[in-house]
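Peer 1: My structure is below; once you've seen it, I'll send some questions.
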Amino acid sequence: MSTERKPTPEAPEPGPRPPRLTAAAALVALEGAGLLAMGVYMLVMGLAGDPDKPDQALTGGVTLIVLALLPLLAARGLLRLRGWSRGPAIITQILALPVAWQLLQADSVAIPGGIVLAAIAITGLVLLVNPATTEALGIRGPGNVQDDVK
């Protein structure tokens with residue numbers, strides 16, 4: 001039994017991964033790693049530190065760790081040229097924009113973080129909707145459905 005993918009009429013053989021798709025996967029993975037790091041930090045501080053509300057710190061840490069799975073799995077899918085992965089990656093970018101906005105509204109050292117997060121999210125969106133990315137993932141746009149009726 002061979003594990004080699006065989007091309008079918010519905011799923012053509014994938015070509016090489018465009019650099020834009022690799023960059024998009026890297027940005028999505030970076031966001032996932034950031035969520036994971038913040039979740040682990042909150043969890044450790046909730047267990048070892050002296051937070052005002054330990055239950056809230058633990059719940060927040062676990063929540064961020066679970067939320068980190070979405071962009072990390074999406075980044076893996078993008079690297080493997082899986083069409084399904086673009087949706088979760090785009091959702092991650094869209095959800096990052098309000099977070100960046102809130103960071104920009106703060107009157108503290110969070111402002112540079114908001115600028116960086118906004119830049120990453122906007123760049124990620126641009127890379128994910130790029131025609132080369134869409135084509136490499138095998139996603140057809142509206143109106144490009146081929147009729148099977150002859």
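Chain labels run A, B, ... following the order of the structure tokens; each chain numbers its residues from 1, and ligands are numbered from 1 in the order shown.
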Give me the residues of stretch 93-120 of chain A that have any atom at most 12 Å from an atom of stretch 54-72 of chain A; for each, the nearest atom pair and the distance in Å, rounded to one decimal. Use only C-alpha atoms, sort by chain and number, and format it as JSON lines.
Peer 2:
{"residue": "A:Gln93", "atom": "CA", "partner": "A:Pro71", "partner_atom": "CA", "distance": 9.2}
{"residue": "A:Ile94", "atom": "CA", "partner": "A:Pro71", "partner_atom": "CA", "distance": 11.8}
{"residue": "A:Leu95", "atom": "CA", "partner": "A:Pro71", "partner_atom": "CA", "distance": 11.1}
{"residue": "A:Ala96", "atom": "CA", "partner": "A:Pro71", "partner_atom": "CA", "distance": 11.1}
Peer 1: Within 7 Å of stretch 99-101 of chain A, counting only C-alpha atoms, which residues qualify if same-chain residues fewer than 2 places away don't, as a PyMOL selection string?
Peer 2: chain A and resi 96-97+103-105+114-115+117-118
Peer 1: Restricted to N, CA and C atoms, what would the selected residues look like written as a PDB file, in the first residue's frame?
Peer 2:
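The new file out34.pdb reads:
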ATOM      1  N   ALA A  96      -7.508  39.066  15.947  1.00  0.00           N
ATOM      2  CA  ALA A  96      -6.361  39.792  16.481  1.00  0.00           C
ATOM      3  C   ALA A  96      -6.529  41.306  16.336  1.00  0.00           C
ATOM      4  N   LEU A  97      -7.312  41.747  15.368  1.00  0.00           N
ATOM      5  CA  LEU A  97      -7.459  43.188  15.133  1.00  0.00           C
ATOM      6  C   LEU A  97      -8.118  43.929  16.304  1.00  0.00           C
ATOM      7  N   LEU A 103      -5.119  47.300  22.685  1.00  0.00           N
ATOM      8  CA  LEU A 103      -3.755  47.590  23.127  1.00  0.00           C
ATOM      9  C   LEU A 103      -3.337  49.003  22.727  1.00  0.00           C
ATOM     10  N   LEU A 104      -3.789  49.440  21.566  1.00  0.00           N
ATOM     11  CA  LEU A 104      -3.462  50.798  21.112  1.00  0.00           C
ATOM     12  C   LEU A 104      -4.185  51.861  21.932  1.00  0.00           C
ATOM     13  N   GLN A 105      -5.319  51.531  22.516  1.00  0.00           N
ATOM     14  CA  GLN A 105      -6.070  52.482  23.337  1.00  0.00           C
ATOM     15  C   GLN A 105      -5.490  52.620  24.742  1.00  0.00           C
ATOM     16  N   GLY A 114       0.450  46.630  20.562  1.00  0.00           N
ATOM     17  CA  GLY A 114      -0.705  46.792  19.690  1.00  0.00           C
ATOM     18  C   GLY A 114      -0.301  47.093  18.263  1.00  0.00           C
ATOM     19  N   ILE A 115       0.733  47.891  18.103  1.00  0.00           N
ATOM     20  CA  ILE A 115       1.227  48.214  16.757  1.00  0.00           C
ATOM     21  C   ILE A 115       1.758  46.954  16.077  1.00  0.00           C
ATOM     22  N   LEU A 117       1.038  43.771  16.824  1.00  0.00           N
ATOM     23  CA  LEU A 117      -0.052  42.823  16.575  1.00  0.00           C
ATOM     24  C   LEU A 117      -0.896  43.257  15.385  1.00  0.00           C
ATOM     25  N   ALA A 118      -1.187  44.544  15.267  1.00  0.00           N
ATOM     26  CA  ALA A 118      -1.961  45.040  14.120  1.00  0.00           C
ATOM     27  C   ALA A 118      -1.198  44.810  12.820  1.00  0.00           C
TER      28      ALA A 118
END
Peer 1: So what do you get for atom CA of A:Asp52 versus atom CA of A:Gly39, distance-wise?
Peer 2: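 Computing it gives 17.1 Å between the two atoms.
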Peer 1: Between A:Ile139, A:Ala106, A:Ala75, A:Ile90, which is the closest to A:Ala23 once you count only C-alpha atoms?
Peer 2: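 Selected residue with least distance to A:Ala23: A:Ala75.
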Peer 1: Suppose you want the space between atom CA of A:Pro131 and atom CA of A:Gly87; what is it in Å?
Peer 2: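 Between atom CA of A:Pro131 and atom CA of A:Gly87 the gap works out to 14.8 Å.
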Peer 1: Calculated over only C-alpha atoms, which of the candidates A:Arg80, A:Gly113, A:Leu47, A:Ile122 has the smallest distance to A:Gly34?
Peer 2: A:Gly113
Peer 1: Would you pick out the contacts of A:Gly77 at 10 Å or less, using only C-alpha atoms, so that residues sharing its chain but fewer than 4 positions from it are not included, and give the list as an MDAnalysis selection string?
Peer 2: chainID A and resid 25 71:73 81:86 88:89 137
Peer 1: For each of A:Ile91, A:Ala132, A:Leu43, A:Ile120, take the minimum atom-to-atom distance to A:Glu31, counting only C-alpha atoms, then give the residue where this is smallest.
Peer 2: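 Result for the nearest residue to A:Glu31: A:Ile120.
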Peer 1: Enumerate the residues of stretch 45-132 of chain A with a DSSP assignment of alpha helix (DSSP H), computed from the backbone, and present them as JSON, numbers by chain.
Peer 2: {"A": [45, 46, 47, 48, 54, 55, 56, 57, 58, 59, 60, 61, 62, 63, 64, 65, 66, 67, 68, 69, 70, 71, 72, 73, 74, 75, 76, 77, 78, 79, 86, 87, 88, 89, 90, 91, 92, 93, 94, 95, 96, 97, 98, 99, 100, 101, 102, 103, 104, 105, 110, 111, 112, 113, 114, 115, 116, 117, 118, 119, 120, 121, 122, 123, 124, 125, 126, 127, 128, 131, 132]}
Peer 1: Could you please determine the separation between atom CA of A:Leu35 and atom CA of A:Thr134 in Å, to one decimal place?
Peer 2: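 Value for the atom CA of A:Leu35-atom CA of A:Thr134 distance: 26.0 Å.
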Peer 1: Please identify all polymer residues within 10 Å of A:Asn130, counting only C-alpha atoms, omitting same-chain residues fewer than 6 positions from it, and present them as a list of chain:residue names.
Peer 2: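 The neighbour list is A:Arg20, A:Leu21, A:Gly124.
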